[in-house]
>>> print(open('query-v3.tsv').read())   # TSV, C-alpha atoms
chain	number	residue	atom	x	y	z
A	181	MET	CA	111.11	95.98	76.59
A	182	GLN	CA	112.34	95.25	80.10
A	183	PRO	CA	111.06	97.76	82.66
A	184	THR	CA	113.35	99.67	84.98
A	185	PHE	CA	112.54	99.57	88.69
A	186	VAL	CA	113.19	102.98	90.26
A	187	LEU	CA	113.57	102.48	94.03
A	188	VAL	CA	112.88	105.33	96.48
A	189	HIS	CA	114.01	105.05	100.10
A	190	GLY	CA	112.31	106.16	103.29
A	191	ALA	CA	113.30	108.51	106.13
A	192	PHE	CA	116.92	108.56	107.35
A	193	ALA	CA	117.70	105.98	104.66
A	194	ASN	CA	119.48	106.03	101.31
A	195	SER	CA	120.15	103.95	98.22
A	196	PHE	CA	122.62	101.73	100.08
A	197	SER	CA	119.86	99.73	101.76
A	198	PHE	CA	118.54	98.63	98.37
A	199	ALA	CA	121.79	96.90	97.31
A	200	PRO	CA	120.73	93.35	98.33
A	201	LEU	CA	117.32	93.82	96.65
A	202	GLN	CA	118.98	95.09	93.49
A	203	ALA	CA	121.22	92.02	93.46
A	204	GLU	CA	118.18	89.74	93.65
A	205	LEU	CA	116.36	91.73	90.96
A	206	GLY	CA	119.41	91.54	88.72
A	207	LEU	CA	119.66	87.78	89.15
A	208	LEU	CA	116.04	87.56	88.02
A	209	GLY	CA	116.91	89.59	84.92
A	210	HIS	CA	115.49	92.95	86.00
A	211	CYS	CA	116.99	96.43	85.64
A	212	SER	CA	116.86	98.76	88.65
A	213	VAL	CA	118.16	102.07	89.91
A	214	ALA	CA	118.16	103.10	93.57
A	215	VAL	CA	117.67	106.83	94.15
A	216	ASP	CA	119.37	108.99	96.76
A	217	LEU	CA	117.01	111.89	97.39
A	218	PRO	CA	118.64	115.31	97.99
A	219	GLY	CA	120.77	115.29	101.15
A	220	HIS	CA	120.98	111.50	101.23
A	221	GLY	CA	123.65	108.95	100.43
A	222	PHE	CA	127.05	110.52	99.85
A	223	ALA	CA	125.41	113.97	100.10
A	224	ALA	CA	124.48	113.32	103.75
A	225	THR	CA	126.18	115.11	106.64
A	226	TYR	CA	128.18	113.08	109.16
A	227	SER	CA	129.73	115.60	111.55
A	228	ARG	CA	132.74	114.79	113.72
A	229	ALA	CA	130.40	115.13	116.70
A	230	TYR	CA	128.54	112.05	115.42
A	231	GLN	CA	131.72	109.95	115.54
A	232	ALA	CA	132.94	108.08	118.61
A	233	PRO	CA	133.44	109.32	121.23
A	234	GLN	CA	130.30	111.30	120.51
A	235	ASP	CA	129.89	114.96	121.36
A	236	LEU	CA	126.14	115.20	121.87
A	237	GLU	CA	126.22	118.93	122.56
A	238	GLY	CA	128.09	119.51	119.33
A	239	LEU	CA	125.80	117.14	117.47
A	240	ALA	CA	122.79	119.13	118.66
A	241	THR	CA	124.01	122.25	116.87
A	242	ALA	CA	126.12	121.03	113.94
A	243	PRO	CA	124.75	122.19	110.57
A	244	GLY	CA	123.37	119.64	108.12
A	245	ALA	CA	123.29	119.71	104.33
A	246	ILE	CA	119.66	118.62	104.22
A	247	LYS	CA	118.48	121.84	105.86
A	248	GLY	CA	115.93	123.55	103.63
A	249	VAL	CA	115.29	120.54	101.42
A	250	THR	CA	111.57	120.25	100.73
A	251	LEU	CA	109.21	117.58	99.50
A	252	ALA	CA	108.98	119.57	96.26
A	253	ASP	CA	112.78	119.32	95.92
A	254	ASN	CA	112.59	115.56	96.41
A	255	ALA	CA	109.84	115.22	93.81
A	256	ALA	CA	111.68	117.39	91.28
A	257	TYR	CA	114.83	115.31	91.70
A	258	LEU	CA	112.89	112.06	91.33
A	259	ILE	CA	111.16	113.34	88.20
A	260	GLY	CA	114.57	113.97	86.69
A	261	ILE	CA	115.51	110.34	87.37
A	262	LEU	CA	112.22	109.12	85.93
A	263	GLU	CA	112.75	111.13	82.75
A	264	ARG	CA	116.10	109.46	82.21
A	265	ALA	CA	114.79	105.99	83.02
A	266	LYS	CA	111.79	106.40	80.73
A	267	ARG	CA	114.11	106.80	77.71
A	268	ASN	CA	115.02	103.13	78.13
A	269	GLY	CA	111.47	101.77	78.31
A	270	PRO	CA	108.74	101.18	80.91
A	271	VAL	CA	109.25	102.44	84.46
A	272	VAL	CA	108.02	100.83	87.68
A	273	LEU	CA	108.31	103.31	90.55
A	274	VAL	CA	108.78	101.53	93.88
A	275	SER	CA	108.68	103.51	97.13
A	276	HIS	CA	109.06	102.54	100.76
A	277	SER	CA	107.81	104.26	103.90
A	278	ARG	CA	108.30	108.06	103.73
A	279	GLY	CA	109.46	107.67	100.14
A	280	GLY	CA	105.83	107.14	99.21
A	281	MET	CA	105.19	110.84	99.74
A	282	THR	CA	107.80	111.76	97.13
A	283	ALA	CA	106.49	109.11	94.74
A	284	THR	CA	102.94	110.39	95.13
A	285	VAL	CA	103.88	114.00	94.36
A	286	ALA	CA	105.92	112.87	91.34
A	287	ALA	CA	102.96	110.81	90.12
A	288	ASN	CA	100.63	113.80	90.56
A	289	GLN	CA	102.92	115.93	88.40
A	290	ARG	CA	104.20	113.50	85.77
A	291	PRO	CA	102.00	110.40	85.39
A	292	ASP	CA	103.35	110.04	81.85
A	293	LEU	CA	106.71	108.93	83.24
A	294	ILE	CA	105.40	106.03	85.33
A	295	ASP	CA	103.99	102.76	83.97
A	296	ARG	CA	103.24	101.32	87.39
A	297	LEU	CA	103.36	102.61	90.96
A	298	VAL	CA	104.36	100.24	93.76
A	299	TYR	CA	104.06	101.22	97.42
A	300	VAL	CA	105.83	98.94	99.92
A	301	SER	CA	104.34	99.85	103.29
A	302	ALA	CA	104.67	103.39	102.01
A	303	TRP	CA	102.74	106.59	102.63
A	304	CYS	CA	100.19	107.47	99.99
A	305	PRO	CA	98.02	110.19	101.52
A	306	VAL	CA	94.51	110.52	100.14
A	307	ASP	CA	92.01	111.73	102.77
A	308	LEU	CA	94.55	113.43	105.07
A	309	ASP	CA	98.09	114.73	104.90
A	310	VAL	CA	100.72	112.42	106.39
A	311	GLY	CA	101.11	114.39	109.61
A	312	ALA	CA	97.39	114.12	110.32
A	313	TYR	CA	97.42	110.34	109.87
A	314	TYR	CA	99.70	110.04	112.89
A	315	ALA	CA	96.81	111.16	115.11
A	316	GLU	CA	94.51	108.46	113.73
A	317	PRO	CA	93.64	105.20	115.59
A	318	GLU	CA	95.60	103.07	113.13
A	319	MET	CA	98.83	104.65	114.38
A	320	ALA	CA	98.06	104.27	118.10
A	321	THR	CA	100.40	101.30	118.50
A	322	VAL	CA	103.48	103.15	117.17
A	323	ASP	CA	106.08	103.79	119.90
A	324	ALA	CA	106.58	107.48	119.12
A	325	LYS	CA	108.21	108.20	122.49
A	326	GLY	CA	110.77	105.44	122.06
A	327	LEU	CA	111.82	106.76	118.66
A	328	ALA	CA	111.76	110.39	119.79
A	329	SER	CA	114.17	109.60	122.64
A	330	ALA	CA	116.98	109.36	120.06
A	331	MET	CA	116.30	112.78	118.55
A	332	VAL	CA	119.09	115.33	118.98
A	333	GLY	CA	118.83	119.13	118.88
A	334	ASN	CA	115.91	121.43	118.18
A	335	PRO	CA	114.45	120.69	114.71
A	336	VAL	CA	113.27	124.28	114.30
A	337	GLU	CA	116.72	125.68	115.03
A	338	LEU	CA	118.54	123.01	113.01
A	339	GLY	CA	116.08	123.18	110.13
A	340	LEU	CA	116.05	119.38	109.98
A	341	LEU	CA	115.31	116.22	111.94
A	342	ARG	CA	118.34	114.57	113.58
A	343	SER	CA	118.48	111.15	115.20
A	344	ASN	CA	121.45	109.55	116.96
A	345	PHE	CA	121.54	106.11	115.38
A	346	ARG	CA	124.99	105.52	116.87
A	347	THR	CA	123.68	105.63	120.42
A	348	ALA	CA	124.62	102.84	122.83
A	349	ASP	CA	121.55	103.42	125.00
A	350	PRO	CA	119.97	99.97	125.40
A	351	GLY	CA	116.45	101.37	125.71
A	352	VAL	CA	116.74	103.36	122.51
A	353	LEU	CA	118.26	100.41	120.65
A	354	THR	CA	115.39	98.21	121.84
A	355	ALA	CA	112.89	100.76	120.53
A	356	PHE	CA	114.70	100.96	117.19
A	357	LYS	CA	114.75	97.20	116.76
A	358	ALA	CA	111.06	96.92	117.62
A	359	ALA	CA	110.24	99.64	115.07
A	360	PHE	CA	112.44	98.53	112.21
A	361	LEU	CA	113.47	94.88	112.44
A	362	SER	CA	111.67	93.02	115.20
A	363	ASP	CA	111.88	89.81	113.13
A	364	GLY	CA	115.64	90.05	112.56
A	365	THR	CA	118.66	89.00	114.57
A	366	ASP	CA	120.57	91.45	116.74
A	367	GLU	CA	123.47	91.23	114.29
A	368	GLU	CA	121.21	92.04	111.32
A	369	PHE	CA	119.71	94.93	113.25
A	370	MET	CA	123.07	96.51	114.07
A	371	ALA	CA	124.27	96.12	110.50
A	372	LEU	CA	121.08	97.73	109.23
A	373	LEU	CA	121.24	100.57	111.76
A	374	ASN	CA	124.69	101.48	110.51
A	375	THR	CA	123.30	102.17	107.03
A	376	PHE	CA	121.08	104.94	108.42
A	377	GLN	CA	122.05	108.59	108.23
A	378	PRO	CA	121.40	111.01	111.10
A	379	ASP	CA	119.53	113.77	109.26
A	380	GLU	CA	116.18	113.98	107.49
A	381	ASN	CA	114.31	116.93	106.04
A	382	LEU	CA	111.41	118.51	107.92
A	383	ASP	CA	108.89	118.80	105.09
A	384	ALA	CA	106.27	116.05	105.45
A	385	GLY	CA	103.89	117.58	102.92
A	386	THR	CA	100.58	119.42	103.06
A	387	PRO	CA	97.03	118.60	101.97
A	388	ASP	CA	98.07	119.78	98.49
A	389	ASP	CA	100.46	116.80	98.27
A	390	ARG	CA	97.78	114.14	98.51
A	391	ALA	CA	97.09	111.74	95.65
A	392	GLU	CA	95.08	113.31	92.83
A	393	ALA	CA	92.54	111.24	90.94
A	394	HIS	CA	93.08	112.85	87.52
A	395	THR	CA	96.86	112.26	87.47
A	396	TRP	CA	98.07	109.82	90.13
A	397	GLY	CA	94.81	107.93	89.71
A	398	ARG	CA	95.50	107.14	86.05
A	399	ILE	CA	98.58	105.05	86.83
A	400	PRO	CA	98.20	101.29	87.48
A	401	LYS	CA	99.29	100.69	91.05
A	402	SER	CA	100.21	97.96	93.50
A	403	TYR	CA	100.52	97.97	97.28
A	404	VAL	CA	102.79	95.50	99.04
A	405	ARG	CA	101.61	95.02	102.62
A	406	LEU	CA	104.18	94.16	105.33
A	407	THR	CA	102.33	92.16	107.96
A	408	GLU	CA	104.76	92.65	110.86
A	409	ASP	CA	105.40	96.37	110.35
A	410	THR	CA	105.11	98.40	113.55
A	411	SER	CA	106.29	101.71	112.02
A	412	VAL	CA	103.48	101.84	109.47
A	413	PRO	CA	101.08	99.34	111.04
A	414	LEU	CA	99.13	96.96	108.84
A	415	ALA	CA	95.89	98.73	109.79
A	416	MET	CA	97.25	101.98	108.36
A	417	GLN	CA	98.55	100.25	105.23
A	418	ASP	CA	95.08	98.79	104.67
A	419	ARG	CA	93.49	102.18	105.27
A	420	MET	CA	95.64	103.75	102.56
A	421	ILE	CA	94.67	100.95	100.19
A	422	ARG	CA	90.98	101.55	100.93
A	423	GLU	CA	91.30	105.31	100.46
A	424	GLY	CA	93.16	104.90	97.18
A	425	ASP	CA	90.57	102.46	95.89
A	426	ALA	CA	87.77	104.84	96.87
A	427	LEU	CA	89.50	107.70	95.06
A	428	THR	CA	89.84	105.70	91.83
A	429	PRO	CA	87.45	102.74	92.02
A	430	GLU	CA	88.01	102.05	88.34
A	431	ASN	CA	91.74	101.63	89.03
A	432	PRO	CA	92.12	99.82	92.36
A	433	TYR	CA	95.35	98.64	93.92
A	434	ASP	CA	96.78	95.26	93.04
A	435	VAL	CA	97.52	94.09	96.60
A	436	ARG	CA	100.39	91.79	97.61
A	437	THR	CA	101.52	90.71	101.07
A	438	LEU	CA	104.92	89.88	102.56
A	439	THR	CA	105.53	88.55	106.06
A	440	SER	CA	107.99	91.21	107.14
A	441	SER	CA	108.72	94.00	109.57
A	442	HIS	CA	109.37	97.50	108.25
A	443	LEU	CA	112.80	96.53	106.91
A	444	LYS	CA	113.16	92.73	106.93
A	445	TRP	CA	112.13	92.64	103.25
A	446	LEU	CA	115.37	94.51	102.49
A	447	VAL	CA	117.54	92.32	104.73
A	448	GLU	CA	116.20	89.13	103.13
A	449	PRO	CA	115.05	90.48	99.75
A	450	ALA	CA	114.48	87.34	97.65
A	451	PRO	CA	110.70	87.16	98.34
A	452	ALA	CA	110.31	90.88	97.62
A	453	ALA	CA	112.25	90.56	94.37
A	454	ARG	CA	109.94	87.76	93.25
A	455	VAL	CA	106.86	89.85	94.09
A	456	LEU	CA	108.23	92.82	92.18
A	457	GLY	CA	108.92	90.55	89.23
A	458	GLU	CA	105.31	89.36	89.32
A	459	ILE	CA	104.14	92.97	89.42
A	460	ALA	CA	106.34	93.89	86.45
A	461	ALA	CA	104.71	91.06	84.51
A	462	LEU	CA	101.41	92.95	84.78
A	463	LEU	CA	102.68	95.66	82.42
A	464	PRO	CA	101.03	95.62	78.99
A	465	ALA	CA	103.07	93.89	76.33
A	466	ASP	CA	103.27	97.12	74.32
A	467	SER	CA	104.64	99.20	77.20
>>> encode(input="query-v3.tsv", output="structure tokens")
Amino acid sequence: MQPTFVLVHGAFANSFSFAPLQAELGLLGHCSVAVDLPGHGFAATYSRAYQAPQDLEGLATAPGAIKGVTLADNAAYLIGILERAKRNGPVVLVSHSRGGMTATVAANQRPDLIDRLVYVSAWCPVDLDVGAYYAEPEMATVDAKGLASAMVGNPVELGLLRSNFRTADPGVLTAFKAAFLSDGTDEEFMALLNTFQPDENLDAGTPDDRAEAHTWGRIPKSYVRLTEDTSVPLAMQDRMIREGDALTPENPYDVRTLTSSHLKWLVEPAPAARVLGEIAALLPADS
């Protein structure tokens, strides 16, 4: 039976960014479904203050639908998708960036629904929770100040993270391009930036949300490294691979590598689609 790829987006993203990848997967004969986690996609909030001409004071206080959404909510929603997908045959769960946290919690809770886990430069916390990793040496090269300069409002008061991706500030745009698509053209970058949504939930997980050997560790898994990623640097990707392998040495990662920034693999998805097809071929014939 043909597996279904279930694709989970990262922070401030949604299912829309997976459309080109899904087209490539489809042309290779693969089934896929791109997930919009709660408060994402058409459930996202785009206030009038976010539109041009922007009202930054209004944007700083406008309510957002994603307020109160937790990592547990994301995982529960994803599990519901996995249950439906599993009725049709094997499931390959693919997560990117912050989406790896949701995938990891879902795998901890329902390993029976997942035939293979695939992390694409995604967070899979093992030794630390995700927030703690940001203080580690592997993250020292990340331009946190440049990205933070686009944040709007007080996250505690808003109950969410809000970023102004429609800014015209050249310094902020330069920081965004360096973080997300340093290997893309300016035109590709602006097109990509306009798929982002302004709000993201606050819950980045706790130590209880780390990968668990007796559940997560039973699932065959792959890690796709992105060599030019400056948001989740290659050193951090390799650290997560090492930690996962140490947690379940009898079930190590199958490791693949793409020459890509954090998001170039979605802008030019043919190589990624081929890699995912190769990974799907690793599923047992009786899956």
>>> atom_distance(input="query-v3.tsv", atom1="CA of Pro378 in chain A", atom2="CA of Glu448 in chain A")
23.9 Å
>>> residues_around(input="query-v3.tsv", residues="range 270-275 of chain A", least_positions_apart="5", cutoff="10 Å", atoms="all atoms listed in the file", output="MDAnalysis selection string")
chainID A and resid 181:190 211:214 258 262:263 265 280:284 286:287 292:304 400:404 456 459:460 463:464 466:467
>>> closest_residue(input="query-v3.tsv", among="A:Ser441, A:Thr410, A:Gln289, A:Asn268", to="Gly397 in chain A", atoms="only C-alpha atoms")
A:Gln289
>>> closest_residue(input="query-v3.tsv", among="A:Gly339, A:Gly385, A:Pro317, A:Gly326", to="Leu251 in chain A", atoms="only C-alpha atoms")
A:Gly385
>>> residues_around(input="query-v3.tsv", residues="Asn288 in chain A", least_positions_apart="2", cutoff="7 Å", atoms="all atoms listed in the file", output="PyMOL selection string")
chain A and resi 284-286+290-291+391-392+395-396
>>> residues_around(input="query-v3.tsv", residues="range 362-372 of chain A", least_positions_apart="4", cutoff="9 Å", atoms="all atoms listed in the file", output="list in words")
Ser197, Phe356, Lys357, Ala358, Phe376, Glu408, Asp409, Thr410, Ser440, Ser441, His442, Leu443, Lys444 and Val447 of chain A
>>> closest_residue(input="query-v3.tsv", among="A:Gly206, A:Pro387, A:Gly221, A:Pro200", to="Ala312 in chain A", atoms="only C-alpha atoms")
A:Pro387
>>> residues_around(input="query-v3.tsv", residues="Thr437 in chain A", least_positions_apart="6", cutoff="8 Å", atoms="only C-alpha atoms", output="PyMOL selection string")
chain A and resi 404-407
>>> atom_distance(input="query-v3.tsv", atom1="CA of Gln377 in chain A", atom2="CA of Phe360 in chain A")
14.5 Å
>>> atom_distance(input="query-v3.tsv", atom1="CA of Ala203 in chain A", atom2="CA of Arg454 in chain A")
12.1 Å
>>> closest_residue(input="query-v3.tsv", among="A:Leu207, A:Ala348, A:Val249, A:Leu438", to="Ala384 in chain A", atoms="only C-alpha atoms")
A:Val249
>>> residues_near_point(input="query-v3.tsv", point="(120.3, 110.0, 121.1)", cutoff="6 Å", atoms="all atoms listed in the file", output="list in words")
Ala330, Met331, Val332, Asn344 and Thr347 of chain A
>>> closest_residue(input="query-v3.tsv", among="A:Arg422, A:Asp434, A:Ser411, A:Arg278", to="Leu327 in chain A", atoms="only C-alpha atoms")
A:Ser411
>>> closest_residue(input="query-v3.tsv", among="A:Leu382, A:Ala229, A:Val215, A:Leu414", to="Gly311 in chain A", atoms="all atoms listed in the file")
A:Leu382
>>> decode(input="query-v3.tsv", residues="range 270-384 of chain A", atoms="C-alpha atoms", output="compact mmCIF listing (two decimals), in the first residue's frame")
# COMPACT_ATOMS: atom_id res chain seq x y z
CA PRO A 270 1.17 3.41 6.19
CA VAL A 271 1.89 6.91 7.47
CA VAL A 272 5.14 8.87 7.14
CA LEU A 273 5.07 11.87 9.47
CA VAL A 274 7.25 14.71 8.15
CA SER A 275 7.89 17.77 10.30
CA HIS A 276 9.86 20.95 9.75
CA SER A 277 11.41 23.34 12.26
CA ARG A 278 9.07 24.00 15.23
CA GLY A 279 6.69 21.39 13.84
CA GLY A 280 9.12 18.78 15.11
CA MET A 281 7.98 19.50 18.65
CA THR A 282 4.38 18.62 17.77
CA ALA A 283 5.50 15.52 15.87
CA THR A 284 7.59 14.36 18.82
CA VAL A 285 4.73 14.69 21.32
CA ALA A 286 2.38 12.88 18.93
CA ALA A 287 4.94 10.10 18.52
CA ASN A 288 5.32 9.83 22.30
CA GLN A 289 1.57 9.37 22.67
CA ARG A 290 0.60 7.33 19.61
CA PRO A 291 3.54 5.49 18.05
CA ASP A 292 1.05 3.00 16.59
CA LEU A 293 -0.13 5.65 14.11
CA ILE A 294 3.28 6.38 12.59
CA ASP A 295 5.27 4.03 10.35
CA ARG A 296 8.18 6.41 9.95
CA LEU A 297 9.17 9.77 11.44
CA VAL A 298 11.00 12.30 9.28
CA TYR A 299 12.49 15.48 10.74
CA VAL A 300 13.58 18.13 8.22
CA SER A 301 15.82 20.48 10.19
CA ALA A 302 13.18 20.08 12.87
CA TRP A 303 13.26 20.18 16.65
CA CYS A 304 13.37 16.82 18.36
CA PRO A 305 14.30 17.52 21.98
CA VAL A 306 15.99 14.70 23.87
CA ASP A 307 18.45 15.97 26.51
CA LEU A 308 16.88 19.44 26.96
CA ASP A 309 13.61 21.17 26.24
CA VAL A 310 13.61 23.36 23.14
CA GLY A 311 13.89 26.64 25.03
CA ALA A 312 17.04 25.44 26.78
CA TYR A 313 18.70 24.48 23.49
CA TYR A 314 18.67 28.14 22.47
CA ALA A 315 21.26 28.86 25.18
CA GLU A 316 23.59 26.16 23.87
CA PRO A 317 26.75 26.85 21.78
CA GLU A 318 25.23 25.33 18.65
CA MET A 319 22.72 28.20 18.52
CA ALA A 320 25.26 30.99 19.07
CA THR A 321 25.27 31.99 15.39
CA VAL A 322 21.49 32.59 15.23
CA ASP A 323 20.62 36.29 14.82
CA ALA A 324 18.04 36.42 17.60
CA LYS A 325 18.14 40.22 17.82
CA GLY A 326 17.47 40.65 14.11
CA LEU A 327 14.41 38.41 14.26
CA ALA A 328 13.18 39.91 17.53
CA SER A 329 13.23 43.41 16.00
CA ALA A 330 10.09 42.48 14.03
CA MET A 331 8.12 41.37 17.09
CA VAL A 332 5.05 43.46 17.90
CA GLY A 333 3.29 43.83 21.25
CA ASN A 334 3.88 42.18 24.61
CA PRO A 335 3.63 38.38 24.27
CA VAL A 336 2.47 38.00 27.87
CA GLU A 337 -0.35 40.50 27.40
CA LEU A 338 -1.30 39.20 23.95
CA GLY A 339 -1.01 35.57 24.97
CA LEU A 340 0.85 34.84 21.73
CA LEU A 341 3.92 35.70 19.67
CA ARG A 342 3.36 38.31 16.94
CA SER A 343 5.77 39.26 14.16
CA ASN A 344 5.28 41.95 11.52
CA PHE A 345 6.19 40.10 8.34
CA ARG A 346 4.73 42.95 6.28
CA THR A 347 7.33 45.42 7.49
CA ALA A 348 9.21 47.52 4.95
CA ASP A 349 12.18 48.03 7.29
CA PRO A 350 15.24 47.09 5.21
CA GLY A 351 17.21 45.90 8.23
CA VAL A 352 14.46 43.56 9.36
CA LEU A 353 13.95 42.23 5.84
CA THR A 354 17.68 41.56 5.58
CA ALA A 355 17.56 39.62 8.85
CA PHE A 356 14.55 37.62 7.67
CA LYS A 357 16.20 36.70 4.38
CA ALA A 358 19.40 35.64 6.14
CA ALA A 359 17.39 33.46 8.54
CA PHE A 360 14.98 31.86 6.10
CA LEU A 361 16.19 32.00 2.50
CA SER A 362 19.75 33.24 2.19
CA ASP A 363 20.21 31.06 -0.91
CA GLY A 364 17.11 32.39 -2.69
CA THR A 365 16.45 35.41 -4.86
CA ASP A 366 14.90 38.57 -3.47
CA GLU A 367 11.74 37.80 -5.45
CA GLU A 368 11.52 34.27 -3.99
CA PHE A 369 12.08 35.68 -0.52
CA MET A 370 9.28 38.23 -0.78
CA ALA A 371 6.88 35.65 -2.18
CA LEU A 372 7.75 33.28 0.65
CA LEU A 373 7.43 35.98 3.31
CA ASN A 374 3.89 36.68 2.17
CA THR A 375 2.86 33.11 3.01
CA PHE A 376 3.74 33.68 6.68
CA GLN A 377 1.12 34.54 9.27
CA PRO A 378 1.76 37.08 12.03
CA ASP A 379 0.82 35.01 15.10
CA GLU A 380 2.27 31.91 16.74
CA ASN A 381 1.43 30.22 20.02
CA LEU A 382 3.62 30.72 23.08
CA ASP A 383 3.91 27.11 24.25
CA ALA A 384 7.34 25.75 23.28
